[in-house]
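**Student:** Here you go, one structure.
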Amino acid sequence: LEYLQKRTVDAIGSMIVFTLSIPVLLYSIVKIKQQSPGPVIYTQQRVGILGKEFTLYKLRSMHPDAESRGAQFAEQDDPRAFPYGLTMRKSRIDEIPQLWNVMKGDLHLVGPRPERKIFTDELEKQIPYYQERHIIRPGMSGWSQVMYPYGSCVEDTRQKLMYDIYYIKNWDIWLEFEVLIRTLGTMMSRKGL
């Protein structure tokens with residue numbers, strides 16, 4: 001029943017958000033093309049439910065050579081991003097293509113944020129119970145994203161894990177709606193997550 005409730009919220013919510021975001025999506029495509037050469041859509045492998053990897057889609061917010069020195073955590077005002085890329089990251093516009101991941105069933109609208117395997121492998125060694133966040137499907141937004149400021153280090157990840165575990169253990173439809181409402185507030189205030 002809980003899974004059916006979540007998938008119903010996913011289906012209805014993603015269709016509504018996608019329809020409302022079409023003008024922003026079209027504007028963003030133009031701005032990306034103007035400010036940075038390369039593809040508009042950025043794909044990356046992320047760890048999903050039960051540790052299985054999937055392809056995540058985003059609007060590209062960083063220059064094409066952003067990881068020329070290897071994988072690294074994104075920062076709040078990441079210097080690798082071009083100007084409109086920073087705007088997209090703060091308002092979460094860059095995540096609109098992840099609605100496709102929600103429709104495909106890779107993601108829920110709400111759940112622990114998916115990370116890259118290169119990071120999860122290391123975090124599982126450093127943080128007890130980190131792998132627990134993979135027992136459910138990840139989400140575009142999550143309780144840890146709306147309750148904890150932007151994190152870019154292991155200690156931040158440890159703190160966020162506590163929120164993820166709270167969400168997993170205490171899930172109900174009201175908590176789901178609370179996360180969605182708080183996410184909307186974050187997007188409108190352009191705080192980024």
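In the structure tokens, chains take the letters A, B, ... in the order shown, each chain's residues start at 1, and ligands count up from 1 in the order shown.
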Step one, run DSSP on the backbone; step two, keep only residues of segment 78-185 of chain A assigned to helix (DSSP H, G or I); then write them as a compact mmCIF listing (two decimals) with N, CA, C and O atoms, in the first residue's frame.
**Tutor:**
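Once everything was written out, this is part-v4.txt:
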```
# COMPACT_ATOMS: atom_id res chain seq x y z
N PRO A 83 27.73 30.74 -15.14
CA PRO A 83 26.79 31.59 -14.39
C PRO A 83 25.35 31.08 -14.32
O PRO A 83 24.78 30.99 -13.23
N TYR A 84 24.75 30.74 -15.46
CA TYR A 84 23.37 30.25 -15.40
C TYR A 84 23.33 28.87 -14.74
O TYR A 84 22.33 28.51 -14.11
N GLY A 85 24.42 28.14 -14.81
CA GLY A 85 24.50 26.86 -14.13
C GLY A 85 24.34 27.02 -12.62
O GLY A 85 23.64 26.24 -11.96
N LEU A 86 24.97 28.07 -12.06
CA LEU A 86 24.81 28.34 -10.63
C LEU A 86 23.35 28.67 -10.30
O LEU A 86 22.82 28.21 -9.28
N THR A 87 22.71 29.45 -11.17
CA THR A 87 21.29 29.78 -10.96
C THR A 87 20.45 28.51 -10.97
O THR A 87 19.58 28.32 -10.12
N MET A 88 20.72 27.63 -11.93
CA MET A 88 19.96 26.37 -12.01
C MET A 88 20.17 25.53 -10.76
O MET A 88 19.22 24.95 -10.23
N ARG A 89 21.41 25.47 -10.27
CA ARG A 89 21.70 24.65 -9.09
C ARG A 89 20.99 25.20 -7.85
O ARG A 89 20.46 24.43 -7.06
N LYS A 90 20.98 26.51 -7.70
CA LYS A 90 20.35 27.11 -6.51
C LYS A 90 18.84 26.94 -6.51
O LYS A 90 18.22 26.79 -5.47
N SER A 91 18.24 26.97 -7.69
CA SER A 91 16.78 26.84 -7.78
C SER A 91 16.35 25.40 -8.11
O SER A 91 15.17 25.12 -8.20
N ILE A 93 16.59 23.90 -10.89
CA ILE A 93 16.11 23.77 -12.27
C ILE A 93 16.87 22.66 -13.00
O ILE A 93 16.31 21.94 -13.83
N ASP A 94 18.15 22.49 -12.65
CA ASP A 94 18.98 21.48 -13.33
C ASP A 94 18.45 20.06 -13.13
O ASP A 94 18.81 19.16 -13.86
N GLU A 95 17.57 19.89 -12.15
CA GLU A 95 17.07 18.55 -11.85
C GLU A 95 15.76 18.21 -12.57
O GLU A 95 15.26 17.09 -12.43
N GLN A 98 15.26 14.84 -14.22
CA GLN A 98 15.13 13.67 -13.35
C GLN A 98 13.68 13.22 -13.24
O GLN A 98 13.41 12.11 -12.79
N LEU A 99 12.76 14.06 -13.67
CA LEU A 99 11.35 13.63 -13.71
C LEU A 99 11.21 12.41 -14.61
O LEU A 99 10.35 11.56 -14.38
N TRP A 100 12.06 12.32 -15.64
CA TRP A 100 12.07 11.13 -16.49
C TRP A 100 12.49 9.90 -15.68
O TRP A 100 11.94 8.83 -15.81
N ASN A 101 13.50 10.09 -14.78
CA ASN A 101 13.90 9.00 -13.89
C ASN A 101 12.77 8.57 -12.97
O ASN A 101 12.62 7.38 -12.68
N VAL A 102 11.96 9.54 -12.53
CA VAL A 102 10.82 9.22 -11.67
C VAL A 102 9.79 8.42 -12.46
O VAL A 102 9.30 7.39 -12.00
N MET A 103 9.48 8.87 -13.67
CA MET A 103 8.50 8.17 -14.49
C MET A 103 8.96 6.75 -14.84
O MET A 103 8.16 5.82 -14.90
N LYS A 104 10.27 6.58 -15.06
CA LYS A 104 10.83 5.25 -15.37
C LYS A 104 10.86 4.33 -14.16
O LYS A 104 10.99 3.13 -14.30
N LYS A 117 28.74 5.80 -7.31
CA LYS A 117 29.34 4.61 -6.70
C LYS A 117 30.73 4.89 -6.15
O LYS A 117 31.10 4.38 -5.08
N ILE A 118 31.48 5.73 -6.82
CA ILE A 118 32.83 6.06 -6.34
C ILE A 118 32.78 6.68 -4.95
O ILE A 118 33.67 6.48 -4.12
N PHE A 119 31.68 7.41 -4.65
CA PHE A 119 31.51 8.01 -3.33
C PHE A 119 30.88 7.02 -2.34
O PHE A 119 31.30 6.92 -1.20
N THR A 120 29.85 6.29 -2.79
CA THR A 120 29.17 5.38 -1.85
C THR A 120 30.11 4.28 -1.37
O THR A 120 30.05 3.89 -0.20
N ASP A 121 30.98 3.78 -2.24
CA ASP A 121 31.93 2.74 -1.83
C ASP A 121 32.80 3.25 -0.68
O ASP A 121 33.06 2.52 0.29
N GLU A 122 33.25 4.49 -0.78
CA GLU A 122 34.10 5.07 0.26
C GLU A 122 33.30 5.42 1.51
O GLU A 122 33.74 5.17 2.64
N LEU A 123 32.11 5.98 1.31
CA LEU A 123 31.28 6.37 2.46
C LEU A 123 30.83 5.16 3.27
O LEU A 123 30.71 5.24 4.50
N GLU A 124 30.59 4.03 2.61
CA GLU A 124 30.20 2.83 3.34
C GLU A 124 31.33 2.33 4.24
O GLU A 124 31.07 1.73 5.28
N LYS A 125 32.58 2.62 3.88
CA LYS A 125 33.72 2.25 4.73
C LYS A 125 33.85 3.20 5.92
O LYS A 125 34.29 2.80 6.99
N GLN A 126 33.48 4.46 5.72
CA GLN A 126 33.70 5.49 6.75
C GLN A 126 32.51 5.73 7.68
O GLN A 126 32.70 6.21 8.79
N TYR A 130 25.68 3.32 6.46
CA TYR A 130 25.44 4.16 5.27
C TYR A 130 24.64 3.40 4.22
O TYR A 130 23.77 3.96 3.55
N GLN A 131 24.91 2.09 4.07
CA GLN A 131 24.23 1.30 3.04
C GLN A 131 22.74 1.16 3.31
O GLN A 131 21.97 0.80 2.41
N GLU A 132 22.27 1.48 4.53
CA GLU A 132 20.85 1.38 4.87
C GLU A 132 20.00 2.30 3.98
O GLU A 132 18.82 2.04 3.75
N ARG A 133 20.58 3.38 3.52
CA ARG A 133 19.81 4.31 2.69
C ARG A 133 19.47 3.71 1.32
O ARG A 133 18.64 4.23 0.60
N HIS A 134 20.09 2.58 0.98
CA HIS A 134 19.82 1.93 -0.31
C HIS A 134 18.72 0.88 -0.23
O HIS A 134 18.46 0.20 -1.22
N ILE A 135 18.08 0.75 0.93
CA ILE A 135 17.01 -0.25 1.02
C ILE A 135 15.72 0.25 0.39
O ILE A 135 14.80 -0.53 0.17
N TRP A 143 14.21 14.15 2.85
CA TRP A 143 14.12 14.75 4.18
C TRP A 143 15.46 15.38 4.57
O TRP A 143 15.51 16.47 5.13
N SER A 144 16.57 14.71 4.24
CA SER A 144 17.88 15.28 4.59
C SER A 144 18.16 16.56 3.81
O SER A 144 18.79 17.48 4.32
N GLN A 145 17.67 16.65 2.57
CA GLN A 145 17.92 17.84 1.76
C GLN A 145 17.16 19.06 2.30
O GLN A 145 17.65 20.17 2.21
N VAL A 146 15.97 18.83 2.82
CA VAL A 146 15.18 19.98 3.30
C VAL A 146 15.46 20.31 4.76
O VAL A 146 15.10 21.39 5.22
N MET A 147 16.12 19.40 5.48
CA MET A 147 16.37 19.62 6.90
C MET A 147 17.81 19.98 7.23
O MET A 147 18.09 20.46 8.32
N VAL A 154 32.44 14.41 4.44
CA VAL A 154 32.00 13.17 5.07
C VAL A 154 31.14 13.45 6.30
O VAL A 154 30.13 12.79 6.53
N GLU A 155 31.52 14.44 7.10
CA GLU A 155 30.74 14.74 8.31
C GLU A 155 29.33 15.21 7.94
O GLU A 155 28.36 14.84 8.60
N ASP A 156 29.21 16.03 6.90
CA ASP A 156 27.88 16.45 6.43
C ASP A 156 27.07 15.23 6.00
O ASP A 156 25.88 15.12 6.29
N THR A 157 27.72 14.30 5.31
CA THR A 157 27.04 13.09 4.84
C THR A 157 26.58 12.25 6.03
O THR A 157 25.48 11.69 6.01
N ARG A 158 27.38 12.19 7.08
CA ARG A 158 27.02 11.45 8.29
C ARG A 158 25.75 12.07 8.91
O ARG A 158 24.84 11.36 9.32
N GLN A 159 25.70 13.40 8.97
CA GLN A 159 24.52 14.08 9.52
C GLN A 159 23.29 13.84 8.64
O GLN A 159 22.21 13.57 9.14
N LYS A 160 23.48 13.93 7.33
CA LYS A 160 22.36 13.72 6.42
C LYS A 160 21.83 12.29 6.50
O LYS A 160 20.64 12.05 6.34
N LEU A 161 22.72 11.33 6.76
CA LEU A 161 22.30 9.94 6.87
C LEU A 161 21.27 9.78 8.00
O LEU A 161 20.32 9.01 7.87
N MET A 162 21.45 10.52 9.09
CA MET A 162 20.49 10.43 10.20
C MET A 162 19.09 10.84 9.74
O MET A 162 18.09 10.24 10.10
N TYR A 163 19.02 11.88 8.92
CA TYR A 163 17.72 12.31 8.38
C TYR A 163 17.16 11.27 7.41
O TYR A 163 15.96 11.01 7.41
N ASP A 164 18.03 10.68 6.58
CA ASP A 164 17.57 9.65 5.65
C ASP A 164 16.99 8.45 6.39
O ASP A 164 15.93 7.93 6.02
N ILE A 165 17.68 8.02 7.44
CA ILE A 165 17.19 6.87 8.22
C ILE A 165 15.88 7.22 8.93
O ILE A 165 14.96 6.40 8.98
N TYR A 166 15.78 8.45 9.43
CA TYR A 166 14.52 8.88 10.05
C TYR A 166 13.37 8.79 9.04
O TYR A 166 12.30 8.26 9.33
N TYR A 167 13.63 9.27 7.83
CA TYR A 167 12.61 9.24 6.77
C TYR A 167 12.19 7.80 6.45
O TYR A 167 11.00 7.49 6.37
N ILE A 168 13.18 6.92 6.31
CA ILE A 168 12.88 5.52 5.97
C ILE A 168 12.04 4.86 7.07
O ILE A 168 11.06 4.18 6.78
N LYS A 169 12.41 5.10 8.32
CA LYS A 169 11.72 4.45 9.44
C LYS A 169 10.35 5.06 9.75
O LYS A 169 9.49 4.40 10.32
N ASN A 170 10.17 6.33 9.43
CA ASN A 170 8.95 7.03 9.84
C ASN A 170 8.07 7.45 8.67
O ASN A 170 7.20 8.30 8.81
N ILE A 173 2.36 9.14 4.33
CA ILE A 173 2.00 10.05 3.24
C ILE A 173 2.14 11.51 3.65
O ILE A 173 2.45 12.37 2.83
N TRP A 174 1.96 11.80 4.95
CA TRP A 174 2.06 13.18 5.42
C TRP A 174 3.50 13.66 5.42
O TRP A 174 3.78 14.81 5.10
N LEU A 175 4.43 12.76 5.78
CA LEU A 175 5.85 13.12 5.72
C LEU A 175 6.25 13.36 4.26
O LEU A 175 7.00 14.28 3.95
N GLU A 176 5.71 12.55 3.37
CA GLU A 176 5.96 12.72 1.93
C GLU A 176 5.55 14.13 1.47
O GLU A 176 6.31 14.84 0.81
N PHE A 177 4.33 14.53 1.84
CA PHE A 177 3.84 15.86 1.45
C PHE A 177 4.63 16.97 2.12
O PHE A 177 4.88 18.01 1.52
N GLU A 178 5.06 16.75 3.36
CA GLU A 178 5.86 17.77 4.04
C GLU A 178 7.17 18.01 3.30
O GLU A 178 7.59 19.15 3.10
N VAL A 179 7.82 16.92 2.87
CA VAL A 179 9.08 17.08 2.12
C VAL A 179 8.82 17.82 0.81
O VAL A 179 9.58 18.73 0.44
N LEU A 180 7.73 17.48 0.10
CA LEU A 180 7.42 18.15 -1.17
C LEU A 180 7.16 19.64 -0.96
O LEU A 180 7.64 20.48 -1.74
N ILE A 181 6.44 19.99 0.09
CA ILE A 181 6.15 21.40 0.38
C ILE A 181 7.43 22.15 0.75
O ILE A 181 7.68 23.26 0.27
N ARG A 182 8.27 21.53 1.59
CA ARG A 182 9.53 22.17 1.97
C ARG A 182 10.47 22.32 0.75
O ARG A 182 11.19 23.29 0.63
N THR A 183 10.43 21.33 -0.16
CA THR A 183 11.24 21.41 -1.38
C THR A 183 10.79 22.59 -2.22
O THR A 183 11.63 23.35 -2.74
N LEU A 184 9.50 22.76 -2.36
CA LEU A 184 8.97 23.90 -3.12
C LEU A 184 9.43 25.21 -2.49
O LEU A 184 9.85 26.13 -3.20
N GLY A 185 9.40 25.30 -1.17
CA GLY A 185 9.87 26.50 -0.47
C GLY A 185 11.34 26.77 -0.73
O GLY A 185 11.75 27.92 -0.95
```
**Student:** So which residues touch Leu107 of chain A within 12 Å, counting only C-alpha atoms, skipping near sequence neighbours fewer than 2 positions away, as a ChimeraX atom specification?
**Tutor:** /A:6-7,10-11,14,46-49,52-57,97-105,109-114,134,136-142
**Student:** Can I get the selected residues back with C-alpha atoms, as a PDB file, in the first residue's frame?
**Tutor:**
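Written out: result_11.pdb:
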```
ATOM      1  CA  LYS A   6       4.387   6.733  -3.298  1.00  0.00           C
ATOM      2  CA  ARG A   7       4.094   5.756  -6.966  1.00  0.00           C
ATOM      3  CA  ASP A  10       5.309  10.199  -8.178  1.00  0.00           C
ATOM      4  CA  ALA A  11       3.116   9.841 -11.271  1.00  0.00           C
ATOM      5  CA  SER A  14       5.984  14.456 -11.935  1.00  0.00           C
ATOM      6  CA  ARG A  46      24.125   6.855  -9.586  1.00  0.00           C
ATOM      7  CA  VAL A  47      23.466   4.183  -6.969  1.00  0.00           C
ATOM      8  CA  GLY A  48      19.801   3.280  -6.567  1.00  0.00           C
ATOM      9  CA  ILE A  49      17.754   0.752  -4.657  1.00  0.00           C
ATOM     10  CA  LYS A  52      22.038  -1.067  -8.310  1.00  0.00           C
ATOM     11  CA  GLU A  53      23.300   1.695 -10.595  1.00  0.00           C
ATOM     12  CA  PHE A  54      21.097   3.656 -12.985  1.00  0.00           C
ATOM     13  CA  THR A  55      21.568   6.597 -15.367  1.00  0.00           C
ATOM     14  CA  LEU A  56      20.525   9.936 -13.843  1.00  0.00           C
ATOM     15  CA  TYR A  57      19.606  12.865 -16.114  1.00  0.00           C
ATOM     16  CA  PRO A  97      15.130  15.999 -16.378  1.00  0.00           C
ATOM     17  CA  GLN A  98      15.132  13.670 -13.355  1.00  0.00           C
ATOM     18  CA  LEU A  99      11.350  13.633 -13.708  1.00  0.00           C
ATOM     19  CA  TRP A 100      12.069  11.125 -16.493  1.00  0.00           C
ATOM     20  CA  ASN A 101      13.905   8.996 -13.894  1.00  0.00           C
ATOM     21  CA  VAL A 102      10.818   9.220 -11.668  1.00  0.00           C
ATOM     22  CA  MET A 103       8.496   8.165 -14.488  1.00  0.00           C
ATOM     23  CA  LYS A 104      10.827   5.253 -15.370  1.00  0.00           C
ATOM     24  CA  GLY A 105      10.878   4.103 -11.741  1.00  0.00           C
ATOM     25  CA  LEU A 109      10.039  12.278  -5.982  1.00  0.00           C
ATOM     26  CA  VAL A 110      11.080  11.871  -2.324  1.00  0.00           C
ATOM     27  CA  GLY A 111      13.774   9.610  -0.900  1.00  0.00           C
ATOM     28  CA  PRO A 112      17.488   9.667  -0.044  1.00  0.00           C
ATOM     29  CA  ARG A 113      19.463  11.462  -2.753  1.00  0.00           C
ATOM     30  CA  PRO A 114      21.354   9.023  -4.996  1.00  0.00           C
ATOM     31  CA  HIS A 134      19.822   1.933  -0.306  1.00  0.00           C
ATOM     32  CA  ILE A 136      14.508   2.080  -0.633  1.00  0.00           C
ATOM     33  CA  ARG A 137      14.448   3.773  -4.027  1.00  0.00           C
ATOM     34  CA  PRO A 138      16.242   7.161  -3.942  1.00  0.00           C
ATOM     35  CA  GLY A 139      14.482  10.460  -4.603  1.00  0.00           C
ATOM     36  CA  MET A 140      14.821  13.797  -6.379  1.00  0.00           C
ATOM     37  CA  SER A 141      14.456  15.482  -3.005  1.00  0.00           C
ATOM     38  CA  GLY A 142      14.549  14.099   0.487  1.00  0.00           C
TER      39      GLY A 142
END
```
**Student:** Taking into account only C-alpha atoms, which residue in the set A:Phe82, A:Thr19, A:Lys58, A:Asp65 is nearest to Gln45 of chain A?
**Tutor:** A:Lys58
**Student:** Could you tell me, as a PDB file with N, CA, C and O atoms, in the first residue's frame, which residues of segment 77-179 of chain A DSSP assigns to strand (DSSP E or B) when given the backbone?
**Tutor:**
```
ATOM      1  N   ALA A  81      30.917  25.600 -12.219  1.00  0.00           N
ATOM      2  CA  ALA A  81      29.651  25.908 -12.891  1.00  0.00           C
ATOM      3  C   ALA A  81      29.753  27.234 -13.647  1.00  0.00           C
ATOM      4  O   ALA A  81      30.447  28.151 -13.227  1.00  0.00           O
ATOM      5  N   HIS A 108      12.057   8.021  -6.822  1.00  0.00           N
ATOM      6  CA  HIS A 108      10.793   8.574  -6.342  1.00  0.00           C
ATOM      7  C   HIS A 108      10.973  10.090  -6.344  1.00  0.00           C
ATOM      8  O   HIS A 108      12.098  10.583  -6.452  1.00  0.00           O
ATOM      9  N   LEU A 109       9.888  10.839  -6.193  1.00  0.00           N
ATOM     10  CA  LEU A 109      10.039  12.278  -5.982  1.00  0.00           C
ATOM     11  C   LEU A 109      10.771  12.524  -4.664  1.00  0.00           C
ATOM     12  O   LEU A 109      11.583  13.438  -4.550  1.00  0.00           O
ATOM     13  N   VAL A 110      10.479  11.708  -3.649  1.00  0.00           N
ATOM     14  CA  VAL A 110      11.080  11.871  -2.324  1.00  0.00           C
ATOM     15  C   VAL A 110      11.776  10.578  -1.899  1.00  0.00           C
ATOM     16  O   VAL A 110      11.218   9.496  -2.021  1.00  0.00           O
ATOM     17  N   GLY A 139      15.429   9.442  -4.175  1.00  0.00           N
ATOM     18  CA  GLY A 139      14.482  10.460  -4.603  1.00  0.00           C
ATOM     19  C   GLY A 139      15.139  11.709  -5.157  1.00  0.00           C
ATOM     20  O   GLY A 139      16.328  11.947  -4.945  1.00  0.00           O
ATOM     21  N   MET A 140      14.347  12.509  -5.876  1.00  0.00           N
ATOM     22  CA  MET A 140      14.821  13.797  -6.379  1.00  0.00           C
ATOM     23  C   MET A 140      15.108  14.747  -5.229  1.00  0.00           C
ATOM     24  O   MET A 140      16.031  15.543  -5.269  1.00  0.00           O
ATOM     25  N   SER A 141      14.259  14.697  -4.218  1.00  0.00           N
ATOM     26  CA  SER A 141      14.456  15.482  -3.005  1.00  0.00           C
ATOM     27  C   SER A 141      14.293  14.532  -1.837  1.00  0.00           C
ATOM     28  O   SER A 141      13.842  13.398  -2.002  1.00  0.00           O
TER      29      SER A 141
END
```
**Student:** What is the distance between atom CA of Glu115 of chain A and atom CA of Tyr129 of chain A, in Å to one decimal?
**Tutor:**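 Calculated distance between atom CA of Glu115 of chain A and atom CA of Tyr129 of chain A is 15.2 Å.
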**Student:** Near Ser36 of chain A, counting only C-alpha atoms, which residues have an atom at most 9 Å away, once you skip same-chain residues fewer than 5 positions from it, shown as an MDAnalysis selection string?
**Tutor:** chainID A and resid 31 61:64 82
**Student:** I need the chosen residues saved as a compact mmCIF listing (two decimals), in the first residue's frame, with N, CA and C atoms.
**Tutor:**
```txt
# COMPACT_ATOMS: atom_id res chain seq x y z
N LYS A 31 19.88 29.20 -22.54
CA LYS A 31 20.94 29.78 -21.70
C LYS A 31 22.17 28.86 -21.63
N SER A 61 25.03 21.91 -15.67
CA SER A 61 25.24 23.18 -15.00
C SER A 61 26.72 23.54 -14.88
N MET A 62 27.59 22.61 -15.25
CA MET A 62 29.03 22.85 -15.17
C MET A 62 29.67 22.77 -16.54
N HIS A 63 30.85 23.34 -16.64
CA HIS A 63 31.60 23.26 -17.90
C HIS A 63 31.93 21.80 -18.21
N PRO A 64 32.07 21.46 -19.50
CA PRO A 64 32.32 20.06 -19.87
C PRO A 64 33.54 19.43 -19.22
N PHE A 82 29.05 27.32 -14.76
CA PHE A 82 28.96 28.59 -15.49
C PHE A 82 27.85 29.42 -14.83
```
**Student:** May I ask for the distance between atom CA of Arg60 of chain A and atom CA of Gly38 of chain A, given in Å to one decimal place?
**Tutor:**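 Result for atom CA of Arg60 of chain A versus atom CA of Gly38 of chain A: 8.8 Å, one decimal.
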**Student:** Kindly give the distance, in Å, that separates atom CA of Phe18 of chain A and atom CA of Met187 of chain A, rounded to a single decimal.
**Tutor:**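 Atom CA of Phe18 of chain A sits 14.8 Å away from atom CA of Met187 of chain A.
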